$ cat model16.txt   # compact mmCIF, C-alpha atoms and all ligand atoms
# COMPACT_ATOMS: atom_id res chain seq x y z
CA MET G 1 0.00 0.00 0.00
CA SER G 2 1.53 3.33 -1.01
CA VAL G 3 0.88 6.54 0.90
CA GLU G 4 1.11 10.05 -0.45
CA VAL G 5 0.70 13.20 1.57
CA VAL G 6 0.22 16.39 -0.43
CA GLY G 7 0.33 19.89 1.04
CA LEU G 8 -1.03 18.68 4.36
CA THR G 9 -1.71 21.54 6.76
CA ARG G 10 -3.23 21.36 10.25
CA ARG G 11 -3.73 24.27 12.64
CA PHE G 12 -4.84 23.93 16.23
CA GLY G 13 -5.48 27.63 16.81
CA GLY G 14 -1.93 28.65 17.76
CA THR G 15 0.11 30.87 15.49
CA ALA G 16 2.36 28.13 14.08
CA PRO G 17 0.62 25.26 12.28
CA ALA G 18 1.21 21.72 13.65
CA LEU G 19 1.59 20.61 10.02
CA ASP G 20 2.74 23.14 7.48
CA ALA G 21 2.18 22.01 3.86
CA VAL G 22 3.76 18.60 4.38
CA ASN G 23 4.57 16.47 1.33
CA LEU G 24 5.65 12.86 1.71
CA SER G 25 5.54 9.88 -0.59
CA VAL G 26 5.93 6.39 0.89
CA ARG G 27 6.30 3.40 -1.42
CA THR G 28 4.58 0.06 -0.99
CA GLY G 29 6.58 -2.16 1.37
CA GLU G 30 8.70 0.65 2.81
CA PHE G 31 9.54 1.02 6.48
CA VAL G 32 9.61 4.74 7.20
CA ALA G 33 10.46 6.61 10.39
CA LEU G 34 9.14 10.07 11.27
CA LEU G 35 11.87 11.61 13.38
CA GLY G 36 11.99 15.05 14.97
CA PRO G 37 12.04 17.02 18.18
CA SER G 38 9.04 17.23 20.48
CA GLY G 39 6.18 19.23 18.95
CA SER G 40 7.43 18.94 15.37
CA GLY G 41 4.16 17.37 14.16
CA LYS G 42 5.00 13.65 14.00
CA THR G 43 1.95 12.41 15.91
CA THR G 44 -0.38 14.83 14.13
CA LEU G 45 0.85 13.51 10.78
CA LEU G 46 0.32 9.90 11.85
CA ARG G 47 -3.14 10.62 13.27
CA THR G 48 -4.13 12.39 10.06
CA LEU G 49 -3.01 9.38 8.00
CA ALA G 50 -5.05 7.13 10.26
CA GLY G 51 -8.16 9.29 9.88
CA LEU G 52 -8.17 10.22 13.59
CA ASP G 53 -7.45 13.87 12.82
CA PHE G 54 -8.42 16.01 9.85
CA PRO G 55 -6.33 18.44 7.81
CA ASP G 56 -7.26 22.08 7.17
CA ALA G 57 -5.70 21.81 3.72
CA GLY G 58 -4.06 19.20 1.54
CA GLU G 59 -4.85 15.52 1.31
CA VAL G 60 -3.80 11.98 2.06
CA ARG G 61 -3.81 9.48 -0.81
CA ILE G 62 -3.64 5.76 -0.26
CA ASN G 63 -2.78 3.74 -3.34
CA GLY G 64 -3.24 6.93 -5.34
CA ARG G 65 -6.76 7.71 -4.08
CA SER G 66 -7.79 10.48 -1.72
CA VAL G 67 -9.12 9.12 1.58
CA ALA G 68 -10.69 12.43 2.66
CA GLU G 69 -14.13 10.82 2.68
CA VAL G 70 -13.00 7.47 4.11
CA ALA G 71 -13.53 6.85 7.85
CA ALA G 72 -10.64 5.56 9.95
CA ARG G 73 -11.97 2.02 10.21
CA HIS G 74 -12.33 1.69 6.46
CA ARG G 75 -8.82 2.85 5.55
CA GLY G 76 -7.20 -0.58 5.97
CA ILE G 77 -4.76 0.75 8.52
CA GLY G 78 -3.55 -0.88 11.73
CA PHE G 79 -2.19 1.36 14.45
CA VAL G 80 -0.29 0.99 17.65
CA PHE G 81 -0.10 4.03 19.86
CA GLN G 82 2.02 4.23 22.96
CA HIS G 83 -0.92 5.12 25.14
CA TYR G 84 -3.50 3.10 23.27
CA ALA G 85 -3.90 0.70 26.16
CA LEU G 86 -5.10 -2.88 25.95
CA PHE G 87 -8.54 -3.70 27.33
CA ARG G 88 -7.77 -4.64 30.91
CA HIS G 89 -10.85 -6.77 31.39
CA LEU G 90 -10.09 -8.92 28.33
CA SER G 91 -7.52 -11.72 28.14
CA VAL G 92 -4.60 -11.49 25.74
CA PHE G 93 -6.51 -13.79 23.37
CA ASP G 94 -9.65 -11.64 23.47
CA ASN G 95 -7.67 -8.42 23.04
CA VAL G 96 -6.17 -9.75 19.81
CA ALA G 97 -9.52 -11.14 18.62
CA PHE G 98 -11.30 -7.85 19.30
CA GLY G 99 -10.95 -6.25 15.85
CA LEU G 100 -12.43 -9.36 14.24
CA GLU G 101 -15.18 -9.91 16.82
CA VAL G 102 -16.58 -6.39 16.34
CA ARG G 103 -17.01 -6.76 12.57
CA PRO G 104 -20.56 -6.82 11.24
CA ARG G 105 -21.89 -10.37 11.17
CA ALA G 106 -21.64 -10.73 7.40
CA GLU G 107 -17.90 -9.88 7.44
CA ARG G 108 -17.00 -11.64 10.67
CA PRO G 109 -14.95 -14.82 10.28
CA ARG G 110 -16.26 -17.98 11.96
CA ARG G 111 -15.34 -18.46 15.60
CA SER G 112 -12.88 -21.26 14.78
CA GLU G 113 -11.23 -19.10 12.13
CA ILE G 114 -10.85 -16.20 14.56
CA ALA G 115 -9.25 -18.55 17.11
CA ALA G 116 -6.84 -19.92 14.52
CA ARG G 117 -5.88 -16.43 13.38
CA VAL G 118 -5.33 -15.18 16.95
CA ARG G 119 -3.09 -18.16 17.73
CA ARG G 120 -1.08 -17.60 14.54
CA LEU G 121 -0.58 -13.97 15.52
CA LEU G 122 0.48 -14.84 19.05
CA GLU G 123 3.04 -17.23 17.53
CA LEU G 124 4.18 -14.44 15.24
CA VAL G 125 4.75 -12.03 18.11
CA GLN G 126 6.31 -14.88 20.06
CA ILE G 127 4.00 -15.03 23.07
CA PRO G 128 1.71 -18.03 22.36
CA GLU G 129 1.88 -19.15 25.99
CA LEU G 130 0.28 -15.94 27.26
CA GLU G 131 -3.14 -16.15 25.63
CA ARG G 132 -5.06 -16.69 28.87
CA ARG G 133 -3.33 -13.96 30.84
CA TYR G 134 -4.70 -10.46 31.40
CA PRO G 135 -2.80 -7.26 30.55
CA ASP G 136 -1.77 -6.63 34.16
CA GLN G 137 -0.25 -10.13 34.37
CA ILE G 138 2.35 -9.56 31.62
CA SER G 139 5.38 -7.30 31.15
CA GLY G 140 5.48 -3.98 29.28
CA GLY G 141 7.32 -5.53 26.32
CA GLN G 142 4.78 -8.35 26.18
CA ARG G 143 1.94 -5.80 26.24
CA GLN G 144 3.51 -4.05 23.26
CA ARG G 145 3.56 -7.36 21.42
CA VAL G 146 -0.11 -7.93 22.23
CA ALA G 147 -0.93 -4.41 20.97
CA LEU G 148 0.92 -5.20 17.76
CA ALA G 149 -0.86 -8.55 17.34
CA ARG G 150 -4.16 -6.78 17.89
CA ALA G 151 -3.29 -4.19 15.23
CA LEU G 152 -2.30 -6.93 12.79
CA ALA G 153 -5.38 -9.10 13.37
CA THR G 154 -7.39 -7.42 10.65
CA GLU G 155 -4.45 -7.89 8.26
CA PRO G 156 -3.93 -4.22 7.47
CA PRO G 157 -1.59 -3.56 4.55
CA LEU G 158 -0.48 -0.35 6.29
CA LEU G 159 0.77 -0.21 9.87
CA LEU G 160 1.21 3.04 11.82
CA LEU G 161 3.15 3.02 15.07
CA ASP G 162 3.51 5.99 17.41
CA GLU G 163 6.53 5.53 19.69
CA PRO G 164 5.58 1.86 20.00
CA PHE G 165 8.41 1.05 22.38
CA GLY G 166 8.66 4.42 24.08
CA ALA G 167 7.97 3.22 27.60
CA LEU G 168 10.41 0.32 27.57
CA ASP G 169 13.97 0.09 28.80
CA ALA G 170 16.86 0.38 26.34
CA GLN G 171 17.70 -3.29 25.82
CA VAL G 172 14.08 -4.44 25.38
CA ARG G 173 13.56 -1.57 22.94
CA LYS G 174 16.55 -2.65 20.93
CA ASP G 175 15.41 -6.27 20.73
CA LEU G 176 11.85 -5.34 19.86
CA ARG G 177 12.76 -2.90 17.12
CA LEU G 178 14.91 -5.43 15.29
CA TRP G 179 12.17 -7.98 15.67
CA LEU G 180 9.61 -5.45 14.34
CA ARG G 181 11.77 -4.84 11.29
CA GLY G 182 11.84 -8.58 10.62
CA LEU G 183 8.10 -8.84 11.07
CA HIS G 184 7.53 -5.97 8.63
CA GLU G 185 9.53 -7.85 5.99
CA GLN G 186 7.89 -11.17 6.71
CA LEU G 187 4.40 -9.69 6.28
CA GLY G 188 5.29 -7.53 3.28
CA ILE G 189 3.38 -4.53 4.66
CA THR G 190 4.04 -0.78 4.53
CA SER G 191 4.92 0.71 7.93
CA LEU G 192 5.37 4.22 9.31
CA PHE G 193 6.58 4.80 12.82
CA VAL G 194 7.11 7.86 14.95
CA THR G 195 10.15 8.14 17.14
CA HIS G 196 12.34 10.79 18.66
CA ASP G 197 15.13 8.26 19.12
CA GLN G 198 17.49 8.75 16.21
CA ASP G 199 19.34 5.46 16.75
CA GLU G 200 16.03 3.66 16.46
CA ALA G 201 15.16 5.48 13.23
CA MET G 202 18.59 5.07 11.66
CA GLU G 203 18.88 1.41 12.58
CA ILE G 204 15.66 0.02 11.19
CA ALA G 205 14.03 2.44 8.73
CA ASP G 206 14.49 2.28 4.96
CA ARG G 207 13.98 6.05 4.87
CA VAL G 208 13.68 8.66 7.59
CA ALA G 209 11.55 11.81 7.35
CA VAL G 210 13.17 14.42 9.57
CA MET G 211 10.52 16.84 10.84
CA ARG G 212 10.87 20.28 12.27
CA ALA G 213 8.15 22.81 13.13
CA GLY G 214 5.44 21.06 11.11
CA ARG G 215 7.57 20.46 8.04
CA VAL G 216 9.48 17.53 6.60
CA VAL G 217 12.93 19.05 6.17
CA GLN G 218 14.60 16.00 4.61
CA PHE G 219 13.36 12.55 3.61
CA ASP G 220 16.17 10.16 2.77
CA GLU G 221 17.92 6.93 3.57
CA PRO G 222 19.81 6.98 6.89
CA GLY G 223 23.25 7.01 5.24
CA VAL G 224 22.31 9.95 3.02
CA LEU G 225 20.99 11.93 5.99
CA LEU G 226 24.29 11.49 7.79
CA ASP G 227 26.54 12.10 4.80
CA ARG G 228 24.57 14.72 2.91
CA PRO G 229 22.28 16.68 5.24
CA THR G 230 20.52 19.35 3.21
CA ASP G 231 20.50 21.95 5.96
CA ALA G 232 22.07 22.89 9.27
CA PHE G 233 19.14 21.62 11.32
CA VAL G 234 19.50 18.07 9.97
CA ALA G 235 23.29 18.20 10.29
CA GLY G 236 23.04 19.28 13.92
CA PHE G 237 20.16 16.98 14.83
CA LEU G 238 21.57 13.70 13.57
CA GLY G 239 24.58 11.88 14.89
CA GLU G 240 27.21 13.24 17.20
CA THR G 241 28.75 16.40 15.94
CA ASN G 242 30.77 19.46 16.95
CA ARG G 243 28.95 22.65 16.06
CA LEU G 244 31.39 25.46 15.39
CA ARG G 245 30.84 29.10 14.49
CA CYS G 246 32.97 30.23 11.60
CA THR G 247 33.24 32.76 8.78
CA VAL G 248 33.36 31.81 5.13
CA SER G 249 35.54 33.83 2.83
CA GLY G 250 37.15 32.94 -0.47
CA GLY G 251 36.04 29.28 -0.37
CA LEU G 252 37.37 28.62 3.14
CA ALA G 253 35.71 28.51 6.57
CA HIS G 254 37.83 30.28 9.19
CA PHE G 255 37.35 29.52 12.86
CA GLY G 256 38.49 32.85 14.33
CA GLU G 257 39.95 32.39 17.82
CA LEU G 258 39.62 28.62 17.70
CA PRO G 259 42.98 26.96 17.02
CA LEU G 260 41.74 25.05 13.98
CA PRO G 261 43.03 25.27 10.41
CA PRO G 262 40.54 26.66 7.84
CA VAL G 263 38.51 24.09 5.90
CA PRO G 264 37.10 24.25 2.36
CA ALA G 265 33.55 25.61 2.27
CA GLU G 266 31.21 26.20 -0.63
CA GLY G 267 28.65 28.97 -0.66
CA THR G 268 28.55 32.67 -0.11
CA ASP G 269 30.92 34.58 2.13
CA GLY G 270 29.73 35.48 5.63
CA PRO G 271 28.95 34.07 9.06
CA ALA G 272 28.43 30.31 9.00
CA VAL G 273 28.24 27.25 11.18
CA ALA G 274 30.39 24.17 10.60
CA PHE G 275 29.45 20.67 11.71
CA VAL G 276 32.39 18.37 12.30
CA ARG G 277 31.83 14.78 13.38
CA PRO G 278 34.14 13.47 16.09
CA CYS G 279 35.64 10.93 13.67
CA ASP G 280 36.62 13.84 11.39
CA LEU G 281 38.37 15.82 14.10
CA VAL G 282 41.74 14.17 14.60
CA ALA G 283 44.03 15.05 17.49
CA GLU G 284 47.75 14.40 17.38
CA PRO G 285 50.49 15.14 19.91
CA SER G 286 52.16 18.54 19.69
CA PRO G 287 55.00 18.40 22.21
CA GLY G 288 55.88 22.11 22.00
CA GLY G 289 52.30 23.13 22.84
CA SER G 290 52.25 25.81 20.11
CA ALA G 291 48.95 24.55 18.61
CA GLY G 292 46.96 25.86 21.59
CA CYS G 293 45.05 22.62 22.33
CA ALA G 294 45.31 20.14 25.19
CA VAL G 295 43.81 16.78 26.04
CA HIS G 296 40.91 17.21 28.44
CA ALA G 297 39.70 13.60 28.80
CA ALA G 298 39.25 10.33 26.95
CA ARG G 299 35.79 8.88 26.48
CA HIS G 300 34.75 5.44 25.20
CA ASP G 301 31.39 4.88 23.54
CA GLY G 302 31.76 1.11 23.31
CA ARG G 303 33.28 1.16 19.81
CA THR G 304 35.60 4.14 19.57
CA THR G 305 37.87 6.08 21.87
CA HIS G 306 36.97 9.74 21.73
CA LEU G 307 39.31 12.43 22.87
CA LEU G 308 37.83 15.53 24.44
CA VAL G 309 40.17 18.37 23.59
CA ARG G 310 40.27 21.83 25.15
CA ALA G 311 40.73 24.36 22.35
CA GLY G 312 40.37 28.13 22.73
CA GLY G 313 38.09 27.88 25.77
CA VAL G 314 35.75 25.18 24.42
CA ILE G 315 35.80 21.40 24.61
CA LEU G 316 35.72 19.60 21.26
CA ASP G 317 34.96 15.94 20.67
CA GLY G 318 37.53 14.25 18.44
CA VAL G 319 39.52 11.06 18.03
CA PRO G 320 43.20 10.39 18.64
CA ALA G 321 45.39 10.03 15.53
CA ALA G 322 46.33 6.46 14.60
CA GLY G 323 49.16 5.25 16.77
CA TRP G 324 48.59 7.74 19.61
CA THR G 325 47.74 5.08 22.14
CA SER G 326 47.87 6.76 25.51
CA PRO G 327 47.07 10.46 25.46
CA ARG G 328 47.39 11.98 28.94
CA ARG G 329 45.20 14.66 30.45
CA GLY G 330 46.77 18.09 29.85
CA GLU G 331 49.05 16.83 27.08
CA PRO G 332 49.47 19.45 24.31
CA CYS G 333 48.03 18.49 20.94
CA ARG G 334 46.94 19.90 17.58
CA LEU G 335 43.66 19.32 15.71
CA ARG G 336 43.11 18.41 12.10
CA VAL G 337 39.66 18.70 10.45
CA GLN G 338 39.22 15.92 7.89
CA ALA G 339 35.71 16.88 6.78
CA ALA G 340 33.13 19.50 7.70
CA ARG G 341 29.65 20.51 6.61
CA VAL G 342 29.32 24.27 6.46
CA PHE G 343 25.99 26.13 6.27
CA PRO G 344 25.14 29.85 6.40
CA ALA G 345 24.57 30.90 10.03
CA HIS G 346 20.99 32.20 9.50
CA GLY G 347 19.65 28.70 8.83
CA ASP G 348 21.57 26.95 11.56
CA GLY G 349 18.60 25.65 13.52
CA GLY G 350 18.99 28.06 16.41
N1 LIG Q 1 -5.23 18.43 20.07
C1 LIG Q 1 -4.38 19.45 20.03
N2 LIG Q 1 -4.76 20.70 20.40
C2 LIG Q 1 -3.92 21.75 20.33
N3 LIG Q 1 -2.65 21.66 19.91
C3 LIG Q 1 -2.20 20.45 19.54
C4 LIG Q 1 -3.03 19.29 19.58
N4 LIG Q 1 -2.30 18.23 19.13
C5 LIG Q 1 -1.08 18.70 18.84
N5 LIG Q 1 -1.01 20.03 19.07
C6 LIG Q 1 0.15 20.90 18.84
O1 LIG Q 1 0.65 20.62 17.54
C7 LIG Q 1 2.08 20.59 17.54
C8 LIG Q 1 2.56 19.24 17.02
O2 LIG Q 1 2.22 18.24 17.97
P1 LIG Q 1 2.56 16.71 17.74
O3 LIG Q 1 1.98 15.95 18.90
O4 LIG Q 1 2.13 16.31 16.39
O5 LIG Q 1 4.14 16.71 17.82
P2 LIG Q 1 5.17 15.50 17.98
O6 LIG Q 1 6.27 15.78 17.03
O7 LIG Q 1 4.45 14.21 17.84
O8 LIG Q 1 5.67 15.70 19.48
P3 LIG Q 1 6.15 14.64 20.60
O9 LIG Q 1 7.45 14.07 20.13
O10 LIG Q 1 6.31 15.51 21.82
O11 LIG Q 1 5.05 13.63 20.75
C9 LIG Q 1 2.51 20.91 18.96
O12 LIG Q 1 2.80 22.28 19.03
C10 LIG Q 1 1.30 20.57 19.78
O13 LIG Q 1 1.25 21.35 20.95

$ encode --input "model16.txt" --output "structure tokens"
Amino acid sequence: MSVEVVGLTRRFGGTAPALDAVNLSVRTGEFVALLGPSGSGKTTLLRTLAGLDFPDAGEVRINGRSVAEVAARHRGIGFVFQHYALFRHLSVFDNVAFGLEVRPRAERPRRSEIAARVRRLLELVQIPELERRYPDQISGGQRQRVALARALATEPPLLLLDEPFGALDAQVRKDLRLWLRGLHEQLGITSLFVTHDQDEAMEIADRVAVMRAGRVVQFDEPGVLLDRPTDAFVAGFLGETNRLRCTVSGGLAHFGELPLPPVPAEGTDGPAVAFVRPCDLVAEPSPGGSAGCAVHAARHDGRTTHLLVRAGGVILDGVPAAGWTSPRRGEPCRLRVQAARVFPAHGDGG
């Protein structure tokens, strides 16, 4: 099922619209993340797709057709919302069966068929042994699986998930998101999920729509977002990065007081902001101390050793040069910038 959003605008009465002429085109079978800071419009966009909220302008097209006149329950969409609680008085089995049980008699599968489908779904979400339990007798992660099974029971070709694992601890989240990605592929559905966890988005989505202030500012594959952000907001929002004020003149960004060599920069002359990833900021020993930098601390993120370097009154996050095995606190060093993304200062995302 493909989804197209065209010029979607939604105002709630405040001055800034929650959605501001959003365009987005999701292909059949894609797994797409909506990522952005709090209040950027992610949930409003998802609710509008689901038919739970209505736009002031623009439209949603599913498989090329406008769904403006189609009620939520007829859109063929399954959704899992973080706070869309399970029915506490129903067993796990009955929660999953619910969407089928409430169908009009003519469309309702036979009882034995419903039971078979519920059991298949509980196998799929890997909790077949829990069917007789009630929601308050299972863990948070298991509840999320039940919610997902319930959403899938009506076999929707499109699945919408709003922070589906938001309330869970980090390891469970990690396991569940990989499992969800596998499930998406196994079922061959189209899925959109909202998150403000960039690792989650980058790890499992085919494409990520980065949202800011009611707009989609970039919609690309994770690698493209990291390597070729189209503006300063995306560059600063994604991944770890040093954000440095600079001035562009004659094709070079100059860092003023900061003891950093100028780097090549395209674009017009004037105040700018440069984003330098830690892996592109290389520190090497400078025994004489003339480079004006010193080791502040070493930091390990599980994969890489980072070196925090004091330079001109600020602390920058870099990496030690190859072969520099034991930098000591206070040791003089110099910094080399291997790559930087430079944008005009007026669009730097505040
Ligand atoms: N029912 C509502 N009434 C008034 N304003 C609303 C309503 N729903 C959302 N908004 C406003 O619309 C904007 C977008 O909200 P939305 O919930 O879509 O953002 P979000 O990106 O999902 O945020 P979060 O990550 O915090 O969930 C916010 O400024 C919010 O205050």

$ residues_near_ligand --input "model16.txt" --ligand "ligand LIG 1 (chain Q)" --cutoff "9 Å" --atoms "only C-alpha atoms and all ligand atoms" --output "JSON, numbers by chain"
{"G": [10, 11, 12, 13, 14, 16, 17, 18, 19, 34, 35, 36, 37, 38, 39, 40, 41, 42, 43, 44, 45, 46, 47, 53, 162, 163, 194, 195, 196, 211, 212, 213, 214]}

$ residues_around --input "model16.txt" --residues "Gly29 of chain G" --least-positions-apart "3" --cutoff "7 Å" --atoms "all atoms listed in the file" --output "list of chain:residue names"
G:Gly188, G:Ile189, G:Thr190

$ write_last_selection --input "model16.txt" --atoms "C-alpha atoms" --output "compact mmCIF listing (two decimals), in the frame of the given file"
# COMPACT_ATOMS: atom_id res chain seq x y z
CA GLY G 188 5.29 -7.53 3.28
CA ILE G 189 3.38 -4.53 4.66
CA THR G 190 4.04 -0.78 4.53

$ closest_residue --input "model16.txt" --among "G:Leu52, G:Leu178, G:Ile315, G:Cys279" --to "Glu240 of chain G" --atoms "all atoms listed in the file"
G:Cys279

$ atom_distance --input "model16.txt" --atom1 "atom CA of Arg310 of chain G" --atom2 "atom CA of Thr325 of chain G"
18.6 Å

$ residues_around --input "model16.txt" --residues "Gly256 of chain G" --least-positions-apart "3" --cutoff "10 Å" --atoms "only C-alpha atoms" --output "list of chain:residue names"
G:Arg245, G:Cys246, G:Thr247, G:Ala253, G:Pro259, G:Leu260, G:Pro261, G:Pro262, G:Gly312

$ closest_residue --input "model16.txt" --among "G:Met202, G:Val5, G:Ala235, G:Leu307" --to "Val217 of chain G" --atoms "all atoms listed in the file"
G:Ala235

$ atom_distance --input "model16.txt" --atom1 "atom CA of Phe275 of chain G" --atom2 "atom CA of Leu335 of chain G"
14.8 Å

$ axis_aligned_box --input "model16.txt" --around "segment 300-309 of chain G" --padding-each-side "8 Å" --output "lines of an AutoDock Vina configuration file"
center_x = 35.8
center_y = 9.7
center_z = 22.4
size_x = 24.8
size_y = 33.3
size_z = 21.6

$ residues_near_point --input "model16.txt" --point "(-9.8, -14.7, 17.5)" --cutoff "8 Å" --atoms "all atoms listed in the file" --output "PyMOL selection string"
chain G and resi 93-94+96-98+100-101+111-119

$ write_last_selection --input "model16.txt" --atoms "C-alpha atoms" --output "PDB file, keeping the file's coordinate frame"
ATOM      1  CA  PHE G  93      -6.510 -13.790  23.370  1.00  0.00           C
ATOM      2  CA  ASP G  94      -9.650 -11.640  23.470  1.00  0.00           C
ATOM      3  CA  VAL G  96      -6.170  -9.750  19.810  1.00  0.00           C
ATOM      4  CA  ALA G  97      -9.520 -11.140  18.620  1.00  0.00           C
ATOM      5  CA  PHE G  98     -11.300  -7.850  19.300  1.00  0.00           C
ATOM      6  CA  LEU G 100     -12.430  -9.360  14.240  1.00  0.00           C
ATOM      7  CA  GLU G 101     -15.180  -9.910  16.820  1.00  0.00           C
ATOM      8  CA  ARG G 111     -15.340 -18.460  15.600  1.00  0.00           C
ATOM      9  CA  SER G 112     -12.880 -21.260  14.780  1.00  0.00           C
ATOM     10  CA  GLU G 113     -11.230 -19.100  12.130  1.00  0.00           C
ATOM     11  CA  ILE G 114     -10.850 -16.200  14.560  1.00  0.00           C
ATOM     12  CA  ALA G 115      -9.250 -18.550  17.110  1.00  0.00           C
ATOM     13  CA  ALA G 116      -6.840 -19.920  14.520  1.00  0.00           C
ATOM     14  CA  ARG G 117      -5.880 -16.430  13.380  1.00  0.00           C
ATOM     15  CA  VAL G 118      -5.330 -15.180  16.950  1.00  0.00           C
ATOM     16  CA  ARG G 119      -3.090 -18.160  17.730  1.00  0.00           C
TER      17      ARG G 119
END

$ atom_distance --input "model16.txt" --atom1 "atom CA of Glu4 of chain G" --atom2 "atom CA of Val67 of chain G"
10.5 Å

$ residues_around --input "model16.txt" --residues "Ala205 of chain G" --least-positions-apart "4" --cutoff "6 Å" --atoms "all atoms listed in the file" --output "compact mmCIF listing (two decimals) with C-alpha atoms, in the frame of the given file"
# COMPACT_ATOMS: atom_id res chain seq x y z
CA PHE G 31 9.54 1.02 6.48
CA VAL G 32 9.61 4.74 7.20
CA ALA G 33 10.46 6.61 10.39
CA ALA G 201 15.16 5.48 13.23

$ residues_around --input "model16.txt" --residues "Ala265 of chain G" --least-positions-apart "3" --cutoff "8 Å" --atoms "all atoms listed in the file" --output "ChimeraX atom specification"
/G:248,251-253,341-342

$ closest_atom_pairs --input "model16.txt" --of "segment 194-274 of chain G" --to "segment 23-26 of chain G" --cutoff "12 Å" --atoms "all atoms listed in the file" --output "JSON lines"
{"residue": "G:Ala205", "atom": "CA", "partner": "G:Val26", "partner_atom": "CA", "distance": 11.9}
{"residue": "G:Asp206", "atom": "CA", "partner": "G:Val26", "partner_atom": "CA", "distance": 10.3}
{"residue": "G:Arg207", "atom": "CA", "partner": "G:Val26", "partner_atom": "CA", "distance": 9.0}
{"residue": "G:Val208", "atom": "CA", "partner": "G:Val26", "partner_atom": "CA", "distance": 10.5}
{"residue": "G:Ala209", "atom": "CA", "partner": "G:Leu24", "partner_atom": "CA", "distance": 8.2}
{"residue": "G:Val210", "atom": "CA", "partner": "G:Leu24", "partner_atom": "CA", "distance": 11.0}
{"residue": "G:Met211", "atom": "CA", "partner": "G:Leu24", "partner_atom": "CA", "distance": 11.1}
{"residue": "G:Gly214", "atom": "CA", "partner": "G:Asn23", "partner_atom": "CA", "distance": 10.8}
{"residue": "G:Arg215", "atom": "CA", "partner": "G:Asn23", "partner_atom": "CA", "distance": 8.4}
{"residue": "G:Val216", "atom": "CA", "partner": "G:Asn23", "partner_atom": "CA", "distance": 7.3}
{"residue": "G:Val217", "atom": "CA", "partner": "G:Asn23", "partner_atom": "CA", "distance": 10.0}
{"residue": "G:Gln218", "atom": "CA", "partner": "G:Leu24", "partner_atom": "CA", "distance": 9.9}
{"residue": "G:Phe219", "atom": "CA", "partner": "G:Leu24", "partner_atom": "CA", "distance": 7.9}
{"residue": "G:Asp220", "atom": "CA", "partner": "G:Leu24", "partner_atom": "CA", "distance": 10.9}

$ write_last_selection --input "model16.txt" --atoms "C-alpha atoms" --output "mmCIF file, keeping the file's coordinate frame"
data_model
loop_
_atom_site.group_PDB
_atom_site.id
_atom_site.type_symbol
_atom_site.label_atom_id
_atom_site.label_comp_id
_atom_site.auth_asym_id
_atom_site.auth_seq_id
_atom_site.Cartn_x
_atom_site.Cartn_y
_atom_site.Cartn_z
ATOM 1 C CA ALA G 205 14.030 2.440 8.730
ATOM 2 C CA ASP G 206 14.490 2.280 4.960
ATOM 3 C CA ARG G 207 13.980 6.050 4.870
ATOM 4 C CA VAL G 208 13.680 8.660 7.590
ATOM 5 C CA ALA G 209 11.550 11.810 7.350
ATOM 6 C CA VAL G 210 13.170 14.420 9.570
ATOM 7 C CA MET G 211 10.520 16.840 10.840
ATOM 8 C CA GLY G 214 5.440 21.060 11.110
ATOM 9 C CA ARG G 215 7.570 20.460 8.040
ATOM 10 C CA VAL G 216 9.480 17.530 6.600
ATOM 11 C CA VAL G 217 12.930 19.050 6.170
ATOM 12 C CA GLN G 218 14.600 16.000 4.610
ATOM 13 C CA PHE G 219 13.360 12.550 3.610
ATOM 14 C CA ASP G 220 16.170 10.160 2.770
#

$ closest_residue --input "model16.txt" --among "G:Leu192, G:Leu225, G:Val3, G:Val146" --to "Phe87 of chain G" --atoms "all atoms listed in the file"
G:Val146

$ closest_residue --input "model16.txt" --among "G:Ala153, G:Ala71, G:Leu308, G:Leu183" --to "Pro109 of chain G" --atoms "all atoms listed in the file"
G:Ala153

$ closest_residue --input "model16.txt" --among "G:Arg103, G:Ala50, G:Leu124, G:Arg65" --to "Gln186 of chain G" --atoms "all atoms listed in the file"
G:Leu124

$ residues_around --input "model16.txt" --residues "Ser91 of chain G" --least-positions-apart "5" --cutoff "10 Å" --atoms "all atoms listed in the file" --output "PyMOL selection string"
chain G and resi 86+96-97+130-137

$ closest_residue --input "model16.txt" --among "G:Gly76, G:Pro229, G:Pro222, G:Pro104" --to "Glu203 of chain G" --atoms "only C-alpha atoms"
G:Pro222
